[in-house]
file work.txt (compact mmCIF, C-alpha atoms)
# COMPACT_ATOMS: atom_id res chain seq x y z
CA MET A 1 64.41 103.44 256.93
CA PHE A 2 64.84 103.64 253.18
CA GLU A 3 62.60 101.61 250.87
CA PHE A 4 64.31 100.33 247.76
CA GLU A 5 62.28 99.92 244.60
CA LYS A 6 62.32 96.35 243.34
CA LEU A 7 63.95 96.08 239.94
CA ASP A 8 61.74 94.51 237.28
CA ILE A 9 64.09 92.33 235.23
CA MET A 10 62.85 91.50 231.75
CA LYS A 11 62.39 87.76 231.14
CA THR A 12 64.18 86.97 227.89
CA LEU A 13 64.62 83.65 226.09
CA CYS A 14 66.92 83.01 223.11
CA ILE A 15 66.14 79.92 221.01
CA PHE A 16 68.83 78.50 218.72
CA ALA A 17 67.09 76.40 216.03
CA ASN A 18 67.80 75.36 212.45
CA GLU A 19 65.73 77.49 210.03
CA PHE A 20 62.69 77.75 212.30
CA PRO A 21 60.19 79.36 211.73
CA TYR A 22 61.04 79.31 208.02
CA GLY A 23 60.46 76.38 205.67
CA SER A 24 59.42 73.06 207.17
CA TRP A 25 62.31 72.20 209.50
CA GLU A 26 61.64 71.71 213.22
CA ALA A 27 57.94 71.17 212.61
CA TYR A 28 57.26 70.26 216.23
CA LEU A 29 58.80 73.42 217.64
CA GLU A 30 55.78 75.10 216.06
CA THR A 31 53.61 73.71 218.87
CA GLU A 32 56.09 74.33 221.67
CA VAL A 33 56.54 78.07 221.04
CA LYS A 34 52.85 78.66 221.71
CA PHE A 35 53.64 78.15 225.40
CA TYR A 36 56.27 80.88 225.76
CA SER A 37 53.95 83.75 226.66
CA GLU A 38 55.52 83.85 230.15
CA PHE A 39 58.61 85.46 228.62
CA ASP A 40 58.59 89.18 227.86
CA LYS A 41 60.79 88.66 224.81
CA VAL A 42 61.79 85.60 222.81
CA TYR A 43 64.51 85.79 220.18
CA ILE A 44 64.77 82.97 217.66
CA PHE A 45 68.12 82.66 215.93
CA SER A 46 67.13 80.88 212.72
CA LEU A 47 70.39 79.09 211.88
CA GLN A 48 71.52 77.70 208.50
CA LEU A 49 68.64 79.41 206.71
CA ARG A 50 68.51 78.60 202.98
CA LYS A 51 67.05 81.18 200.61
CA GLU A 52 64.75 78.63 198.98
CA HIS A 53 63.29 77.78 202.40
CA ALA A 54 62.82 81.41 203.44
CA LYS A 55 59.86 81.77 201.07
CA THR A 56 57.52 80.40 203.73
CA LYS A 57 57.37 81.50 207.36
CA ARG A 58 55.18 80.11 210.11
CA SER A 59 53.31 82.45 212.43
CA LEU A 60 54.65 83.23 215.90
CA PRO A 61 53.30 84.92 219.04
CA GLU A 62 53.74 88.69 219.30
CA ASN A 63 56.55 88.54 221.86
CA PHE A 64 58.85 86.78 219.34
CA GLU A 65 61.56 88.31 217.16
CA VAL A 66 63.29 86.26 214.47
CA ILE A 67 66.95 86.78 213.62
CA PRO A 68 67.70 84.96 210.31
CA ILE A 69 71.25 83.60 210.06
CA TRP A 70 71.81 82.70 206.43
CA TYR A 71 73.55 79.53 205.32
CA ALA A 72 76.89 80.59 203.87
CA PRO A 73 78.74 79.26 200.80
CA LYS A 74 81.16 76.48 201.69
CA TRP A 75 84.18 78.67 200.86
CA LYS A 76 83.18 81.05 203.66
CA TYR A 77 83.11 78.24 206.21
CA LEU A 78 86.43 77.00 204.83
CA LEU A 79 87.96 80.46 205.14
CA ASN A 80 86.57 80.73 208.65
CA CYS A 81 88.60 77.67 209.65
CA VAL A 82 91.54 80.07 210.08
CA ARG A 83 89.68 81.61 213.03
CA VAL A 84 89.16 78.14 214.48
CA LEU A 85 92.91 77.81 214.91
CA GLY A 86 92.61 80.35 217.72
CA ASP A 87 89.94 78.35 219.55
CA VAL A 88 91.50 76.54 222.53
CA ASN A 89 88.70 73.95 222.40
CA LEU A 90 90.02 72.73 219.05
CA TYR A 91 93.18 71.50 220.72
CA LYS A 92 91.36 70.16 223.78
CA GLU A 93 89.11 68.06 221.54
CA LEU A 94 92.02 66.85 219.38
CA PHE A 95 93.89 65.83 222.53
CA LEU A 96 90.82 63.99 223.84
CA LEU A 97 90.36 62.13 220.53
CA GLY A 98 94.01 61.17 220.52
CA LYS A 99 93.84 59.96 224.11
CA LYS A 100 90.89 57.71 223.23
CA GLY A 101 92.58 56.43 220.07
CA GLN A 102 89.83 57.99 217.94
CA LEU A 103 91.85 60.57 216.00
CA LYS A 104 90.85 60.00 212.36
CA ILE A 105 90.83 62.29 209.34
CA GLY A 106 87.02 62.20 209.00
CA ARG A 107 86.57 63.24 212.62
CA ILE A 108 89.11 66.03 212.35
CA ILE A 109 87.21 67.39 209.34
CA ASP A 110 83.91 67.12 211.28
CA LEU A 111 85.50 69.03 214.17
CA PHE A 112 86.73 71.87 211.94
CA ILE A 113 83.32 72.17 210.25
CA TYR A 114 81.61 72.18 213.65
CA LEU A 115 83.83 74.92 215.10
CA SER A 116 83.93 76.97 211.91
CA ARG A 117 80.14 77.02 211.54
CA SER A 118 79.66 77.85 215.23
CA ASN A 119 82.13 80.72 215.09
CA TYR A 120 80.69 82.10 211.86
CA GLU A 121 77.08 82.00 213.04
CA MET A 122 77.92 83.49 216.45
CA ARG A 123 79.51 86.51 214.71
CA LYS A 124 76.43 86.89 212.50
CA ILE A 125 74.20 86.89 215.60
CA LYS A 126 76.49 89.45 217.22
CA LYS A 127 76.00 91.79 214.24
CA SER A 128 72.23 91.23 214.07
CA VAL A 129 71.06 91.98 217.60
CA GLU A 130 72.01 94.43 220.34
CA LEU A 131 73.97 92.23 222.76
CA GLN A 132 72.95 94.31 225.76
CA LYS A 133 69.41 92.95 225.32
CA LEU A 134 70.69 89.41 225.86
CA LYS A 135 72.49 90.02 229.16
CA ASN A 136 69.94 88.21 231.34
CA ALA A 137 68.57 85.86 228.70
CA ILE A 138 68.30 82.10 228.98
CA PHE A 139 69.92 80.41 225.98
CA TYR A 140 67.95 77.41 224.74
CA SER A 141 69.23 75.17 221.94
CA TYR A 142 66.60 72.97 220.33
CA ARG A 143 69.28 70.55 219.12
CA PHE A 144 72.28 69.07 220.92
CA GLU A 145 74.77 69.42 218.10
CA TYR A 146 76.71 72.58 217.18
CA GLN A 147 73.93 74.98 218.21
CA PRO A 148 74.75 74.90 221.97
CA TYR A 149 78.35 75.72 221.06
CA VAL A 150 77.10 78.85 219.26
CA ALA A 151 75.35 79.74 222.53
CA MET A 152 78.57 79.15 224.48
CA LEU A 153 80.54 81.44 222.15
CA LEU A 154 77.84 84.10 222.45
CA ARG A 155 77.92 83.88 226.25
CA LYS A 156 81.70 84.30 226.15
CA GLU A 157 81.27 87.36 223.94
CA LEU A 158 78.75 88.82 226.40
CA LYS A 159 81.09 88.17 229.36
CA THR A 160 78.06 87.06 231.38
CA ASP A 161 76.88 83.84 232.99
CA ASN A 162 73.77 83.23 230.87
CA LYS A 163 72.24 79.85 231.57
CA ILE A 164 72.40 77.46 228.60
CA ILE A 165 70.17 74.42 228.18
CA SER A 166 69.65 72.07 225.26
CA ARG A 167 67.18 69.46 224.11
CA ALA A 168 68.48 66.27 222.49
CA HIS A 169 66.52 64.22 219.96
CA ARG A 170 68.05 61.56 217.67
CA TYR A 171 70.47 62.68 214.94
CA ASP A 172 72.00 65.12 217.41
CA LEU A 173 72.29 62.46 220.11
CA TYR A 174 73.23 58.96 218.93
CA GLU A 175 76.80 59.14 217.61
CA GLU A 176 76.83 55.64 216.13
CA PHE A 177 74.38 56.75 213.44
CA ARG A 178 76.65 59.52 212.18
CA LYS A 179 78.96 59.02 209.20
CA ASN A 180 82.13 59.02 211.32
CA LYS A 181 80.37 57.81 214.48
CA TYR A 182 81.28 61.12 216.05
CA ILE A 183 79.63 64.36 217.16
CA PRO A 184 82.26 66.93 218.20
CA CYS A 185 82.65 68.41 221.67
CA ARG A 186 80.17 66.17 223.51
CA GLU A 187 81.90 66.27 226.88
CA LEU A 188 82.80 69.94 226.51
CA LEU A 189 79.13 70.84 225.98
CA ILE A 190 77.80 68.78 228.88
CA LYS A 191 80.46 70.24 231.16
CA ASN A 192 79.56 73.83 230.26
CA LEU A 193 75.79 73.61 229.81
CA ASP A 194 73.42 73.91 232.75
CA ALA A 195 71.16 71.09 231.58
CA VAL A 196 70.69 68.67 228.69
CA TYR A 197 67.16 67.37 228.11
CA PRO A 198 66.85 64.24 225.94
CA CYS A 199 63.29 63.71 224.70
CA SER A 200 63.30 60.04 225.76
CA GLU A 201 64.42 57.92 228.70
CA ASP A 202 66.51 55.93 226.23
CA GLY A 203 68.35 59.12 225.26
CA THR A 204 68.89 60.05 228.91
CA CYS A 205 70.36 56.62 229.72
CA TYR A 206 72.52 56.86 226.60
CA LEU A 207 74.12 60.15 227.65
CA GLN A 208 74.36 59.33 231.35
CA SER A 209 76.18 56.08 230.61
CA ARG A 210 78.73 57.93 228.48
CA PHE A 211 79.18 60.88 230.82
CA PRO A 212 78.42 59.60 234.34
CA LYS A 213 80.30 62.52 235.88
CA TYR A 214 77.56 64.87 234.64
CA LYS A 215 74.52 62.58 234.99
CA ASN A 216 72.74 65.08 237.28
CA LYS A 217 72.65 67.57 234.40
CA ILE A 218 70.93 65.10 232.07
CA LYS A 219 67.17 64.71 232.54
CA THR A 220 64.31 63.55 230.34
CA ARG A 221 61.89 66.19 229.13
CA PHE A 222 59.19 64.76 226.89
CA LEU A 223 57.92 66.61 223.86
CA GLY A 224 54.18 66.76 223.27
CA THR A 225 51.39 67.47 220.84
CA LEU A 226 48.09 69.30 221.04
CA GLY A 227 45.12 66.99 221.32
CA CYS A 228 41.96 67.52 219.31
CA GLY A 229 39.90 64.81 220.97
CA GLN A 230 39.14 61.35 219.68
CA LYS A 231 37.39 60.97 216.37
CA LYS A 232 34.32 58.84 216.00
CA TYR A 233 35.48 55.63 214.32
CA ASN A 234 33.77 53.52 211.70
CA LYS A 235 35.38 50.39 210.32
CA GLU A 236 35.30 50.34 206.54
CA ASP A 237 36.25 47.90 203.79
CA GLU A 238 39.41 49.84 202.92
CA LEU A 239 42.32 49.82 205.41
CA ARG A 240 43.74 53.35 205.73
CA ILE A 241 47.41 53.44 206.72
CA VAL A 242 49.24 56.74 207.36
CA SER A 243 52.90 57.58 207.86
CA CYS A 244 54.74 60.85 208.41
CA SER A 245 58.49 61.37 208.10
CA ASN A 246 61.27 62.71 205.94
CA VAL A 247 61.88 60.43 202.97
CA VAL A 248 65.49 59.58 203.82
CA PRO A 249 67.34 56.25 204.22
CA VAL A 250 66.98 56.05 208.01
CA LYS A 251 63.17 56.15 207.73
CA ARG A 252 63.15 53.08 205.42
CA LEU A 253 59.96 53.79 203.49
CA ASP A 254 61.18 51.24 200.97
CA LEU A 255 60.35 48.54 203.55
CA ILE A 256 56.74 49.76 203.64
CA VAL A 257 56.51 49.45 199.85
CA GLU A 258 58.12 46.00 199.90
CA THR A 259 55.67 44.86 202.61
CA LEU A 260 52.61 46.11 200.73
CA GLN A 261 53.71 44.14 197.66
CA HIS A 262 52.88 40.94 199.59
CA ILE A 263 49.29 41.94 200.42
CA LEU A 264 46.99 41.04 197.54
CA ASP A 265 43.67 40.45 199.29
CA ILE A 266 43.16 43.59 201.40
CA ASN A 267 42.18 46.96 199.95
CA ILE A 268 44.68 49.43 201.40
CA LYS A 269 45.19 53.16 201.01
CA TRP A 270 48.59 54.35 202.21
CA THR A 271 48.97 58.09 202.78
CA HIS A 272 52.41 59.52 203.47
CA PHE A 273 53.29 63.03 204.63
CA GLY A 274 56.87 64.21 204.09
CA ASP A 275 59.51 64.54 201.41
CA GLY A 276 63.21 63.96 200.97
CA ILE A 277 66.08 62.67 198.87
CA MET A 278 64.53 59.20 198.37
CA MET A 279 61.13 60.42 197.20
CA ASN A 280 61.64 59.66 193.50
CA GLN A 281 62.95 56.18 194.34
CA ILE A 282 59.95 55.43 196.58
CA LYS A 283 57.52 56.66 193.94
CA GLU A 284 59.19 54.47 191.34
CA MET A 285 58.98 51.41 193.63
CA SER A 286 55.30 52.17 194.33
CA ARG A 287 54.41 51.83 190.65
CA GLU A 288 54.95 48.07 191.01
CA LEU A 289 52.36 47.69 193.80
CA PRO A 290 49.26 45.56 193.11
CA GLU A 291 45.97 47.21 192.14
CA ASN A 292 44.43 46.79 195.60
CA ILE A 293 47.02 49.21 197.04
CA LYS A 294 46.39 52.94 196.58
CA ILE A 295 49.12 55.48 197.35
CA ASP A 296 48.77 59.14 198.26
CA PHE A 297 52.07 61.01 198.67
CA ARG A 298 51.24 64.41 200.18
CA GLY A 299 54.78 65.83 200.44
CA ASN A 300 55.73 68.37 203.09
CA VAL A 301 52.83 70.09 204.81
CA LYS A 302 52.67 72.52 207.71
CA ASN A 303 52.19 70.81 211.04
CA SER A 304 48.91 72.65 211.59
CA ASP A 305 47.65 71.42 208.20
CA LEU A 306 48.63 67.85 209.05
CA LEU A 307 46.60 67.99 212.26
CA GLU A 308 43.61 69.24 210.27
CA VAL A 309 43.92 66.22 207.97
CA TYR A 310 43.93 63.90 211.00
CA LYS A 311 40.95 65.75 212.39
CA ASN A 312 38.87 65.57 209.22
CA ASN A 313 39.84 62.12 207.94
CA GLN A 314 39.87 58.63 209.35
CA PHE A 315 43.01 56.49 209.56
CA ASP A 316 43.19 52.95 210.91
CA LEU A 317 46.92 52.55 211.54
CA PHE A 318 50.03 54.73 211.78
CA LEU A 319 53.24 53.14 210.52
CA ASN A 320 56.87 53.92 211.40
CA VAL A 321 59.68 51.53 210.40
CA SER A 322 62.61 53.82 211.13
CA LEU A 323 66.11 52.49 211.81
CA SER A 324 66.68 55.10 214.53
CA GLU A 325 64.48 57.41 216.63
CA GLY A 326 64.30 59.48 219.76
CA ILE A 327 60.61 59.42 220.60
CA PRO A 328 58.78 60.21 217.36
CA VAL A 329 56.48 63.22 217.72
CA SER A 330 54.69 61.88 214.64
CA ILE A 331 53.58 58.91 216.77
CA MET A 332 52.44 61.25 219.56
CA GLU A 333 50.25 63.06 217.06
CA ALA A 334 48.75 59.84 215.75
CA LEU A 335 47.99 58.59 219.28
CA SER A 336 46.34 61.90 220.16
CA PHE A 337 43.72 61.10 217.53
CA GLY A 338 43.35 57.54 218.80
CA ILE A 339 45.25 55.99 215.89
CA PRO A 340 47.04 52.74 216.89
CA CYS A 341 50.69 52.58 215.81
CA ILE A 342 53.01 49.96 214.37
CA ALA A 343 56.65 50.90 214.90
CA THR A 344 60.16 49.51 215.12
CA ASP A 345 61.63 49.06 218.59
CA VAL A 346 64.45 51.60 218.25
CA GLY A 347 65.57 54.47 220.49
CA GLY A 348 62.77 55.55 222.78
CA THR A 349 59.92 54.22 220.62
CA LYS A 350 59.11 51.47 223.14
CA GLU A 351 58.37 54.24 225.65
CA ILE A 352 55.42 55.39 223.56
CA VAL A 353 54.27 52.31 221.61
CA ILE A 354 53.33 49.56 224.05
CA ASP A 355 53.08 46.25 222.25
CA GLY A 356 49.53 44.93 222.29
CA TYR A 357 48.17 47.95 224.18
CA ASN A 358 48.17 50.93 221.82
CA GLY A 359 49.85 49.26 218.85
CA TRP A 360 52.61 46.81 217.98
CA LEU A 361 56.41 46.85 218.11
CA LEU A 362 58.59 45.35 215.42
CA LYS A 363 62.22 44.35 215.81
CA LYS A 364 64.64 46.74 214.10
CA ASP A 365 65.58 44.03 211.57
CA PHE A 366 62.03 42.72 211.11
CA LYS A 367 61.03 40.53 208.19
CA GLU A 368 58.34 41.73 205.79
CA GLU A 369 56.03 38.84 206.66
CA GLN A 370 56.01 39.96 210.31
CA LEU A 371 54.59 43.34 209.35
CA VAL A 372 52.16 41.65 206.97
CA ASN A 373 50.93 39.44 209.83
CA ILE A 374 50.34 42.43 212.12
CA ILE A 375 48.31 44.17 209.42
CA ARG A 376 46.29 41.00 208.81
CA ASN A 377 45.70 40.50 212.55
CA TYR A 378 44.42 44.07 212.83
CA CYS A 379 41.99 43.49 209.97
CA ASN A 380 40.63 40.43 211.80
CA LEU A 381 39.77 42.41 214.95
CA ASN A 382 36.09 43.09 215.58
CA ASN A 383 34.75 46.59 216.05
CA GLU A 384 34.77 46.37 219.86
CA GLN A 385 38.44 45.33 219.92
CA ILE A 386 39.41 48.14 217.56
CA LEU A 387 37.58 50.74 219.65
CA LYS A 388 39.39 49.49 222.76
CA LEU A 389 42.74 49.73 220.96
CA ARG A 390 41.97 53.28 219.86
CA GLU A 391 40.92 54.25 223.38
CA CYS A 392 44.25 52.95 224.72
CA ALA A 393 46.09 54.91 222.03
CA TYR A 394 44.41 58.13 223.09
CA GLU A 395 44.89 57.51 226.82
CA SER A 396 48.62 56.79 226.41
CA TRP A 397 49.03 60.16 224.66
CA LYS A 398 46.96 61.95 227.30
CA GLU A 399 49.03 60.52 230.14
CA LYS A 400 52.55 61.27 228.88
CA TYR A 401 52.62 63.37 225.71
CA ASN A 402 50.04 66.11 226.18
CA ALA A 403 51.72 69.32 224.96
CA LYS A 404 49.82 71.57 227.33
CA LYS A 405 51.04 69.61 230.35
CA ASN A 406 54.59 68.94 229.16
CA TYR A 407 55.42 72.37 227.76
CA THR A 408 53.84 74.26 230.65
CA THR A 409 56.06 72.27 233.01
CA PHE A 410 59.09 72.84 230.74
CA VAL A 411 58.58 76.61 230.65
CA ASP A 412 58.18 76.66 234.42
CA LYS A 413 61.51 74.82 234.78
CA LEU A 414 63.18 77.24 232.37
CA GLN A 415 62.11 80.25 234.38
CA LYS A 416 63.46 78.71 237.59
CA ILE A 417 66.93 77.95 236.19
call {"tool": "encode", "arguments": {"input": "work.txt", "output": "structure tokens"}}
result
Amino acid sequence: MFEFEKLDIMKTLCIFANEFPYGSWEAYLETEVKFYSEFDKVYIFSLQLRKEHAKTKRSLPENFEVIPIWYAPKWKYLLNCVRVLGDVNLYKELFLLGKKGQLKIGRIIDLFIYLSRSNYEMRKIKKSVELQKLKNAIFYSYRFEYQPYVAMLLRKELKTDNKIISRAHRYDLYEEFRKNKYIPCRELLIKNLDAVYPCSEDGTCYLQSRFPKYKNKIKTRFLGTLGCGQKKYNKEDELRIVSCSNVVPVKRLDLIVETLQHILDINIKWTHFGDGIMMNQIKEMSRELPENIKIDFRGNVKNSDLLEVYKNNQFDLFLNVSLSEGIPVSIMEALSFGIPCIATDVGGTKEIVIDGYNGWLLKKDFKEEQLVNIIRNYCNLNNEQILKLRECAYESWKEKYNAKKNYTTFVDKLQKI
């Protein structure tokens, strides 16, 4: 009897992510990639990479190789639209929009941009890596927008049956928050992908209700953060509030400033991490705050540096007044240090902030005085009540959003696809 030698197939993962590991985009992927040692090789296709962001690069494990895909001038994407005319999915999507009565100029433009960018970036990947090395790879898109379509085009080019999975967060998930209330090729992606993993139960219900035919492909996979243990807490005269987000309209930092204007009798220091298009406006508004309010705008920092700040400093409350969310990883991080959170009840936030247990929930259209009252009520808690609140904050993170547990399980699922 002949004995056949067992073939040792190399475990390869391809991650499609915007700019990562360059610049500051996809800050939370920085934690996740630490758990991919089970793969022999991990390629990261760093999509839409801007030259100004390429000056900084975060460290990666040794089994990683980064393939930068540079952001092209708009004329190149426009020229590439000619290639899109040969994509059968263009006509399928136009037909579907027409059938639903949703065929509008803005959506047609979005569709052409989507397909043009996908086609362009797939061809850049094709030129940048030996395709033979990707034959047995799992394709993993960190966002559920155009990136999975790039993976689909690459699989077609390979003429293989590579498995494709995608996470889904917020901007890449909830269509009603987009300019034209439209993200192209939703049904096409779900039909052709092996799994879509929203980061919240709210996101899972959202997709399943829209595409019930494919509900078995849509499952919640929580993100997570690394815990550093609870800090010893001492109540002080100054209330230390912290927030962390991009400074963009949807995050509504202007509401934080407007709320603080009404607090004249509590010494508060508000520290914010993050930057964005509204930063100058927020700074200008902050100049009108009363003298008892101190502001510390830290700008963009590396995720690892942010965690060091949490570790070495004491914060009383974390604040998030966003108009839309998936499940904010920034809240996970705060809870992991035992920091109670005040947040708006949007998206999956209610899955992580439990009103009265580890923080407080605000209605999406809350009034400033409601936030003022929560802050005042917190200040009136005694030390024992605050310690209990902080213990609950830490325990809620430990139970559901521990990175070691969540990402180890996620990697195990990936390998079994």
call {"tool": "residues_around", "arguments": {"input": "work.txt", "residues": "Tyr140 of chain A", "least_positions_apart": "5", "cutoff": "10 Å", "atoms": "all atoms listed in the file", "output": "list in words"}}
result
Leu13, Cys14, Ile15, Phe16, Ala17, Ile44, Gln147, Pro148, Ala151, Lys163, Ile164, Ile165, Ser166, Arg167, Ala195, Val196 and Leu414 of chain A
call {"tool": "residues_near_point", "arguments": {"input": "work.txt", "point": "(70.3, 60.3, 225.3)", "cutoff": "8 Å", "atoms": "all atoms listed in the file", "output": "MDAnalysis selection string"}}
result
chainID A and resid 168:169 173:174 198:208
call {"tool": "residues_near_point", "arguments": {"input": "work.txt", "point": "(58.2, 64.9, 204.1)", "cutoff": "12 Å", "atoms": "all atoms listed in the file", "output": "JSON, numbers by chain"}}
result
{"A": [23, 24, 25, 26, 27, 243, 244, 245, 246, 247, 248, 251, 253, 271, 272, 273, 274, 275, 276, 277, 278, 279, 297, 298, 299, 300, 301, 302, 303, 306, 330]}
call {"tool": "residues_around", "arguments": {"input": "work.txt", "residues": "Glu236 of chain A", "least_positions_apart": "6", "cutoff": "12 Å", "atoms": "all atoms listed in the file", "output": "list in words"}}
result
Ile266, Asn267, Ile268, Lys269, Gln314, Phe315, Asp316, Cys379, Asn382, Asn383 and Ile386 of chain A
call {"tool": "atom_distance", "arguments": {"input": "work.txt", "atom1": "atom CA of Ile105 of chain A", "atom2": "atom CA of Val150 of chain A"}}
result
23.7 Å
call {"tool": "atom_distance", "arguments": {"input": "work.txt", "atom1": "atom CA of Lys156 of chain A", "atom2": "atom CA of Tyr142 of chain A"}}
result
19.8 Å
call {"tool": "atom_distance", "arguments": {"input": "work.txt", "atom1": "atom CA of Phe95 of chain A", "atom2": "atom CA of Ile109 of chain A"}}
result
14.9 Å
call {"tool": "residues_around", "arguments": {"input": "work.txt", "residues": "Trp75 of chain A", "least_positions_apart": "6", "cutoff": "12 Å", "atoms": "all atoms listed in the file", "output": "PDB file with C-alpha atoms, in the frame of the given file"}}
result
ATOM      1  CA  CYS A  81      88.600  77.670 209.650  1.00  0.00           C
ATOM      2  CA  VAL A  82      91.540  80.070 210.080  1.00  0.00           C
ATOM      3  CA  ILE A 113      83.320  72.170 210.250  1.00  0.00           C
ATOM      4  CA  SER A 116      83.930  76.970 211.910  1.00  0.00           C
ATOM      5  CA  ARG A 117      80.140  77.020 211.540  1.00  0.00           C
TER       6      ARG A 117
END
call {"tool": "closest_residue", "arguments": {"input": "work.txt", "among": "A:Gly338, A:Pro184, A:Gly227, A:Pro68", "to": "Phe112 of chain A", "atoms": "all atoms listed in the file"}}
result
A:Pro184
call {"tool": "closest_residue", "arguments": {"input": "work.txt", "among": "A:Tyr394, A:Tyr233, A:Tyr71, A:Phe318", "to": "Trp270 of chain A", "atoms": "all atoms listed in the file"}}
result
A:Phe318
call {"tool": "residues_around", "arguments": {"input": "work.txt", "residues": "Leu260 of chain A", "least_positions_apart": "6", "cutoff": "9 Å", "atoms": "all atoms listed in the file", "output": "JSON, numbers by chain"}}
result
{"A": [268, 289, 290, 293, 368, 372]}
call {"tool": "closest_residue", "arguments": {"input": "work.txt", "among": "A:Val329, A:Leu97, A:Val257, A:Ile190", "to": "Ile282 of chain A", "atoms": "only C-alpha atoms"}}
result
A:Val257
call {"tool": "closest_residue", "arguments": {"input": "work.txt", "among": "A:Asn234, A:Ser141, A:Ser209, A:Asn89", "to": "Glu384 of chain A", "atoms": "all atoms listed in the file"}}
result
A:Asn234
call {"tool": "closest_residue", "arguments": {"input": "work.txt", "among": "A:Leu264, A:Leu239, A:Val411, A:Cys392", "to": "Ile375 of chain A", "atoms": "only C-alpha atoms"}}
result
A:Leu239
call {"tool": "closest_residue", "arguments": {"input": "work.txt", "among": "A:Leu111, A:Asp365, A:Lys181, A:Asn380", "to": "Leu85 of chain A", "atoms": "only C-alpha atoms"}}
result
A:Leu111
call {"tool": "residues_around", "arguments": {"input": "work.txt", "residues": "segment 118-135 of chain A", "least_positions_apart": "3", "cutoff": "10 Å", "atoms": "only C-alpha atoms", "output": "ChimeraX atom specification"}}
result
/A:10-14,41,43,45-48,67-72,76-77,80-81,83-84,87,112-115,138-139,146-155,157-162
call {"tool": "build_atoms", "arguments": {"input": "work.txt", "residues": "segment 272-283 of chain A", "atoms": "N, CA, C and O atoms", "output": "mmCIF file, in the coordinates of the input"}}
result
data_model
loop_
_atom_site.group_PDB
_atom_site.id
_atom_site.type_symbol
_atom_site.label_atom_id
_atom_site.label_comp_id
_atom_site.auth_asym_id
_atom_site.auth_seq_id
_atom_site.Cartn_x
_atom_site.Cartn_y
_atom_site.Cartn_z
ATOM 1 N N HIS A 272 51.157 59.113 202.816
ATOM 2 C CA HIS A 272 52.410 59.520 203.470
ATOM 3 C C HIS A 272 52.593 61.032 203.400
ATOM 4 O O HIS A 272 52.428 61.649 202.349
ATOM 5 N N PHE A 273 52.972 61.614 204.542
ATOM 6 C CA PHE A 273 53.290 63.030 204.630
ATOM 7 C C PHE A 273 54.800 63.183 204.831
ATOM 8 O O PHE A 273 55.369 62.583 205.743
ATOM 9 N N GLY A 274 55.434 63.988 203.985
ATOM 10 C CA GLY A 274 56.870 64.210 204.090
ATOM 11 C C GLY A 274 57.546 64.058 202.744
ATOM 12 O O GLY A 274 56.988 63.476 201.800
ATOM 13 N N ASP A 275 58.759 64.576 202.654
ATOM 14 C CA ASP A 275 59.510 64.540 201.410
ATOM 15 C C ASP A 275 60.988 64.344 201.739
ATOM 16 O O ASP A 275 61.374 64.363 202.903
ATOM 17 N N GLY A 276 61.793 64.138 200.722
ATOM 18 C CA GLY A 276 63.210 63.960 200.970
ATOM 19 C C GLY A 276 63.931 63.364 199.781
ATOM 20 O O GLY A 276 63.343 63.139 198.710
ATOM 21 N N ILE A 277 65.204 63.058 199.980
ATOM 22 C CA ILE A 277 66.080 62.670 198.870
ATOM 23 C C ILE A 277 65.693 61.341 198.225
ATOM 24 O O ILE A 277 66.080 61.067 197.091
ATOM 25 N N MET A 278 64.917 60.503 198.917
ATOM 26 C CA MET A 278 64.530 59.200 198.370
ATOM 27 C C MET A 278 63.131 59.207 197.748
ATOM 28 O O MET A 278 62.622 58.150 197.351
ATOM 29 N N MET A 279 62.520 60.375 197.636
ATOM 30 C CA MET A 279 61.130 60.420 197.200
ATOM 31 C C MET A 279 60.936 59.826 195.808
ATOM 32 O O MET A 279 60.009 59.031 195.580
ATOM 33 N N ASN A 280 61.790 60.186 194.865
ATOM 34 C CA ASN A 280 61.640 59.660 193.500
ATOM 35 C C ASN A 280 61.802 58.145 193.480
ATOM 36 O O ASN A 280 61.083 57.441 192.754
ATOM 37 N N GLN A 281 62.737 57.625 194.277
ATOM 38 C CA GLN A 281 62.950 56.180 194.340
ATOM 39 C C GLN A 281 61.721 55.466 194.910
ATOM 40 O O GLN A 281 61.298 54.427 194.394
ATOM 41 N N ILE A 282 61.135 56.040 195.966
ATOM 42 C CA ILE A 282 59.950 55.430 196.580
ATOM 43 C C ILE A 282 58.758 55.469 195.626
ATOM 44 O O ILE A 282 57.997 54.494 195.508
ATOM 45 N N LYS A 283 58.612 56.563 194.910
ATOM 46 C CA LYS A 283 57.520 56.660 193.940
ATOM 47 C C LYS A 283 57.687 55.625 192.830
ATOM 48 O O LYS A 283 56.711 55.012 192.375
#
